[in-house]
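Presented below is the structure to which this report refers.
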Amino acid sequence: MAMNEIFFLENELWYGGAVAFGEKYPIGKDDEFSINLSFNQTYNQLNPVFFSNKGRYIWFEDGGRVSFRKGIIQIDAPTYELNVAGSTLKDAVLAASNKHYPPTGTMPDKRAFEGPQYCSWVVLLWHQNQQSLLQYARGIVEKGYKPGIFIIDDTWQKAYGVWEFNREYFPEPEKMIRELKDMGFLVSLWLAPYISPDMPYISEDAPGIFRHIEKKRVIMDDKGERPLICYWWEGFSAVLDFRNESAKEWINAQAKRLEREYGVSGFKLDGGDPPYLGVEYPDGNLLNSLWIESIESNFKEARCCYKLGGQPIIQRLNDKAHIWESDDSVYLRLGLSSLLPLIMAQGVSGYYYGCADMVGGGMSSDFIDKESLDDELIIRWCQASALLPMIQFSLDVWNREKNRVAECCRKALDLRQKLLPYLLELLENASRTGIPAIRYMEFDHPNQNLEGIKNQFMLGEKYLVAPVLKKGATSREVKFPCGTWRDFENGMVYEGGCSAVVDAPIDKLPLFEKIKAI
């Protein structure tokens, strides 16, 4: 396969569809960046596309390798399309969307966005149980936080592939879910595409590994004699083979049974990441997306997938470390600094319904000792997430009165509530037009020297959001596009086309409303 080369235009910058690398974008002529689009190693969403601020985009239908070096894009791929859609980033994004992953006109159930999402993971880790979950939920309501999706995370089930409540820890799951629903929550259960390899036959809902082999539901080794055993973060498991209809039908039947028997509303779809199948496993990307597509639900949430832009799926960012700045010395050890770049990369790539990681981070090792957590980081994380499509909690911030955590997080949620009608309007618009709710500054304001800005964003055309992302900071610089902008909290007016340092005490999320366009 011959190497093809594309040369940068003057002042051209490129943004990519590999969401986890959002902090690398935009890529300029002096930057170096390489990726294998045929095998998603990012543990997050991937769309095989790059967009430029000069109106060009490159689409890789069948994957391939692409490298950006010294102003040259080197392509080693079976096929690719270089298209000139116009002269701006917005032109390129909408042209790629319309041709390759058009929005469906439908979105996840809007109730998913009306309240925060609560996940039981870091608050309980591997100790999920009925009593603690109900105590956690009651605390949310008692402290005046709005109920939303309530995710019961891993270890609720008997085993991987036995999707039934473990009655040792959940003696009355029906009663528990009824109480959660009575409190106003929509209950979601964690699911993964893995099968414990030593499980015996229990029933057709939990048929054991040999029955799965007989039905051709699991991926087999190279010889086709034994199941492929993958090594993932919870150990060793067989993996459902979604290239076969029987696997899709079986896992979806489990989801439908859980909805029917317990009244759950949706599912957190985890795992299935291509790297766990082995280095560059053939069909790794395909299997990953077939896993997400196999579950029929308006409340399903994915984290890792390929070429599912435009679909009505909640898309969560990968787990973040409890740190301010991403750690470049460790592969994809991302912190608060990554939140906005990744959400904006989701938006232009067709993943409009983004869910930031849990407020404060989601790496289990960071939450063993909850007393050592950085309260300032938690507050700023909550503020940075407050006006994104979804905000997710796990740590019980409502109980952290020290250092004003509960107070400041509640204030950020009150702000979200005020802007919720506008946010819902933007998400509905995205489902029809492909225009994301959360936008790079460059998206609607080209040619204003905003193309490299990643620490502030536009919420539609009306609001500029500039969270504080630096420890100890009580002010920050904001770059205003042309027009007139008013501080949402204190009414101070700023003329656009320049930068200004704005006050940002610990309880404030800097938010500006456009009151006059140029």
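Chain labels run A, B, ... following the order of the structure tokens; each chain numbers its residues from 1, and ligands are numbered from 1 in the order shown.
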
Query - Residue contacts of Gly496 (chain A) (6 Å, only C-alpha atoms) excluding same-chain residues fewer than 6 positions away, as a list in words - result: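 Those residues are Phe480, Pro481, Cys482, Gly483 and Thr484 of chain A.
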
Store the residues of this selection in a file with C-alpha atoms, as a PDB file, in the first residue's frame.
```pdb
ATOM      1  CA  PHE A 480     -14.055  36.958  24.156  1.00  0.00           C
ATOM      2  CA  PRO A 481     -15.172  36.645  20.520  1.00  0.00           C
ATOM      3  CA  CYS A 482     -16.457  39.741  18.768  1.00  0.00           C
ATOM      4  CA  GLY A 483     -19.665  41.067  20.259  1.00  0.00           C
ATOM      5  CA  THR A 484     -20.767  42.209  23.696  1.00  0.00           C
TER       6      THR A 484
END
```

Requested in this report: Once DSSP has gone over the backbone, tell me which residues of region 238-476 of chain A are in strand (DSSP E or B), as a PyMOL selection string.
Outcome: chain A and resi 238-240+266-269+300-302+305-306+314-316+327+333+354-355+390+392-393+438-439+457-459+463-465+475-476

Query raised in the report: By how many Å are CA of Leu228 (chain A) and CA of Glu296 (chain A) apart?
Result: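 A separation of 26.2 Å between them.
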
**Report entry** Nearest-residue call for Ala412 (chain A), choices A:Lys454, A:Ser394, A:Thr106, A:Leu509, using only C-alpha atoms
**Finding:**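 Ranking A:Lys454, A:Ser394, A:Thr106, A:Leu509 by distance to Ala412 (chain A), first place goes to A:Leu509.
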
Query raised in the report: Skipping near chain neighbours, those fewer than 5 positions away, what residues fall within 10 Å of Asp30 (chain A) using only C-alpha atoms, listed as a list in words?
Result: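 Listing them by chain and then by number gives Phe68, Arg69, Lys70, Gly71 and Ile72 of chain A.
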
Can you write out the residues you just picked, keeping N, CA and C atoms, as a short mmCIF file (atom, residue, chain, number, x, y, z; two decimals), in the first residue's frame?
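In the end it all went to result-v5.cif:
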```
data_model
loop_
_atom_site.label_atom_id
_atom_site.label_comp_id
_atom_site.auth_asym_id
_atom_site.auth_seq_id
_atom_site.Cartn_x
_atom_site.Cartn_y
_atom_site.Cartn_z
N PHE A 68 0.86 13.04 11.49
CA PHE A 68 1.05 14.46 11.22
C PHE A 68 2.48 14.81 11.61
N ARG A 69 3.27 15.26 10.64
CA ARG A 69 4.67 15.58 10.91
C ARG A 69 5.11 16.75 10.05
N LYS A 70 5.55 17.81 10.72
CA LYS A 70 6.17 18.95 10.05
C LYS A 70 5.34 19.48 8.88
N GLY A 71 4.04 19.60 9.13
CA GLY A 71 3.17 20.18 8.11
C GLY A 71 2.74 19.22 7.03
N ILE A 72 3.02 17.93 7.20
CA ILE A 72 2.64 16.92 6.21
C ILE A 72 1.81 15.85 6.90
#
```

Query raised in the report: Which is closest to Leu125 (chain A) among A:Arg380, A:Arg439, A:Lys508, A:Lys370, if we use only C-alpha atoms?
Result: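 Once distances to Leu125 (chain A) are computed over only C-alpha atoms, the minimum belongs to A:Lys370.
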
Query - Residue nearest Leu258 (chain A) among A:Asp198, A:Asp109, A:Glu164, A:Asp270 (counting only C-alpha atoms) - result: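 Using only C-alpha atoms, the shortest distance to Leu258 (chain A) belongs to A:Glu164.
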
Report task. Could you tell me which of A:Leu82, A:Met183, A:Leu13, A:Leu124 comes closest to Gly148 (chain A) if we count only C-alpha atoms? Result -> A:Met183

Quick one: residues within 8 Å of Val465 (chain A), only C-alpha atoms, excluding same-chain residues fewer than 5 positions away - as an mmCIF file with N, CA and C atoms, in the first residue's frame?
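Once written, around26.cif looks like this:
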```
data_model
loop_
_atom_site.group_PDB
_atom_site.id
_atom_site.type_symbol
_atom_site.label_atom_id
_atom_site.label_comp_id
_atom_site.auth_asym_id
_atom_site.auth_seq_id
_atom_site.Cartn_x
_atom_site.Cartn_y
_atom_site.Cartn_z
ATOM 1 N N GLN A 456 -11.959 26.926 27.517
ATOM 2 C CA GLN A 456 -13.273 27.556 27.587
ATOM 3 C C GLN A 456 -14.058 27.050 26.385
ATOM 4 N N PHE A 457 -15.375 27.195 26.429
ATOM 5 C CA PHE A 457 -16.173 26.658 25.329
ATOM 6 C C PHE A 457 -17.436 27.483 25.163
ATOM 7 N N MET A 458 -18.066 27.277 24.016
ATOM 8 C CA MET A 458 -19.362 27.886 23.745
ATOM 9 C C MET A 458 -20.461 26.863 24.030
ATOM 10 N N LEU A 459 -21.451 27.287 24.783
ATOM 11 C CA LEU A 459 -22.679 26.523 24.957
ATOM 12 C C LEU A 459 -23.680 27.110 23.984
ATOM 13 N N LEU A 509 -18.530 29.781 38.741
ATOM 14 C CA LEU A 509 -18.228 29.302 37.392
ATOM 15 C C LEU A 509 -18.379 30.488 36.449
ATOM 16 N N PRO A 510 -17.303 31.010 35.888
ATOM 17 C CA PRO A 510 -17.425 32.149 34.976
ATOM 18 C C PRO A 510 -18.262 31.792 33.743
ATOM 19 N N LEU A 511 -19.358 32.532 33.586
ATOM 20 C CA LEU A 511 -20.317 32.298 32.504
ATOM 21 C C LEU A 511 -20.730 33.653 31.938
ATOM 22 N N PHE A 512 -20.745 33.735 30.608
ATOM 23 C CA PHE A 512 -21.021 35.016 29.959
ATOM 24 C C PHE A 512 -22.076 34.807 28.878
#
```

Query - For Asp503 (chain A), the nearest of the candidates A:Ala253, A:Ala466, A:Leu427, A:Val93, counting only C-alpha atoms - result: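 Residue with the minimum atom-to-atom distance to Asp503 (chain A): A:Ala466.
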
Requested in this report: Give me the residues within 12 Å of Arg211 (chain A) as a PyMOL selection string, counting only C-alpha atoms and dropping any in the same chain fewer than 5 places off.
Outcome: chain A and resi 161+195+197-206+216-218+227+246-247+250

Query raised in the report: Which is closest to Lys268 (chain A) among A:Leu373, A:Ala345, A:Ala20, A:Val187, if we use only C-alpha atoms?
Result: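 Checking each of A:Leu373, A:Ala345, A:Ala20, A:Val187 against Lys268 (chain A), counting only C-alpha atoms, the winner is A:Val187.
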
Report task. Please run DSSP on the backbone and report, as a count of residues only, all residues within region 95-297 of chain A that come out as helix (DSSP H, G or I). Result -> 77

Report task. Write out as a ChimeraX atom specification the residues lying within 6 Å of Leu189 (chain A), counting only C-alpha atoms and excluding same-chain residues fewer than 4 positions away. Result -> /A:151-152,267-268

Would you mind listing what lies within 10 Å of Pro282 (chain A) as a PDB file with N, CA and C atoms, in the first residue's frame, with only C-alpha atoms counted and same-chain residues fewer than 5 positions away left out?
```
ATOM      1  N   SER A  38      -7.386   1.795  12.706  1.00  0.00           N
ATOM      2  CA  SER A  38      -7.944   0.456  12.496  1.00  0.00           C
ATOM      3  C   SER A  38      -8.134  -0.305  13.800  1.00  0.00           C
ATOM      4  N   PHE A  39      -7.524   0.197  14.877  1.00  0.00           N
ATOM      5  CA  PHE A  39      -7.577  -0.509  16.156  1.00  0.00           C
ATOM      6  C   PHE A  39      -7.598   0.530  17.271  1.00  0.00           C
ATOM      7  N   PRO A 274     -11.207  -2.798  22.444  1.00  0.00           N
ATOM      8  CA  PRO A 274     -10.378  -3.655  21.587  1.00  0.00           C
ATOM      9  C   PRO A 274      -9.061  -4.119  22.208  1.00  0.00           C
ATOM     10  N   LEU A 277      -8.751  -7.587  23.794  1.00  0.00           N
ATOM     11  CA  LEU A 277      -8.806  -8.775  22.943  1.00  0.00           C
ATOM     12  C   LEU A 277      -7.424  -9.201  22.460  1.00  0.00           C
ATOM     13  N   LEU A 287     -16.321  -5.336  16.820  1.00  0.00           N
ATOM     14  CA  LEU A 287     -16.918  -6.019  17.955  1.00  0.00           C
ATOM     15  C   LEU A 287     -17.335  -5.036  19.041  1.00  0.00           C
TER      16      LEU A 287
END
```

Report task. Work out how far apart CA of Glu325 (chain A) and CA of Gln346 (chain A) are and give it in Å to one decimal. Result ->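 We find that CA of Glu325 (chain A) and CA of Gln346 (chain A) lie 19.8 Å from each other.
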
Query raised in the report: So how far away is CA of Leu334 (chain A) from CA of Tyr43 (chain A), in Å?
Result: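 These atoms are spaced 12.0 Å apart.
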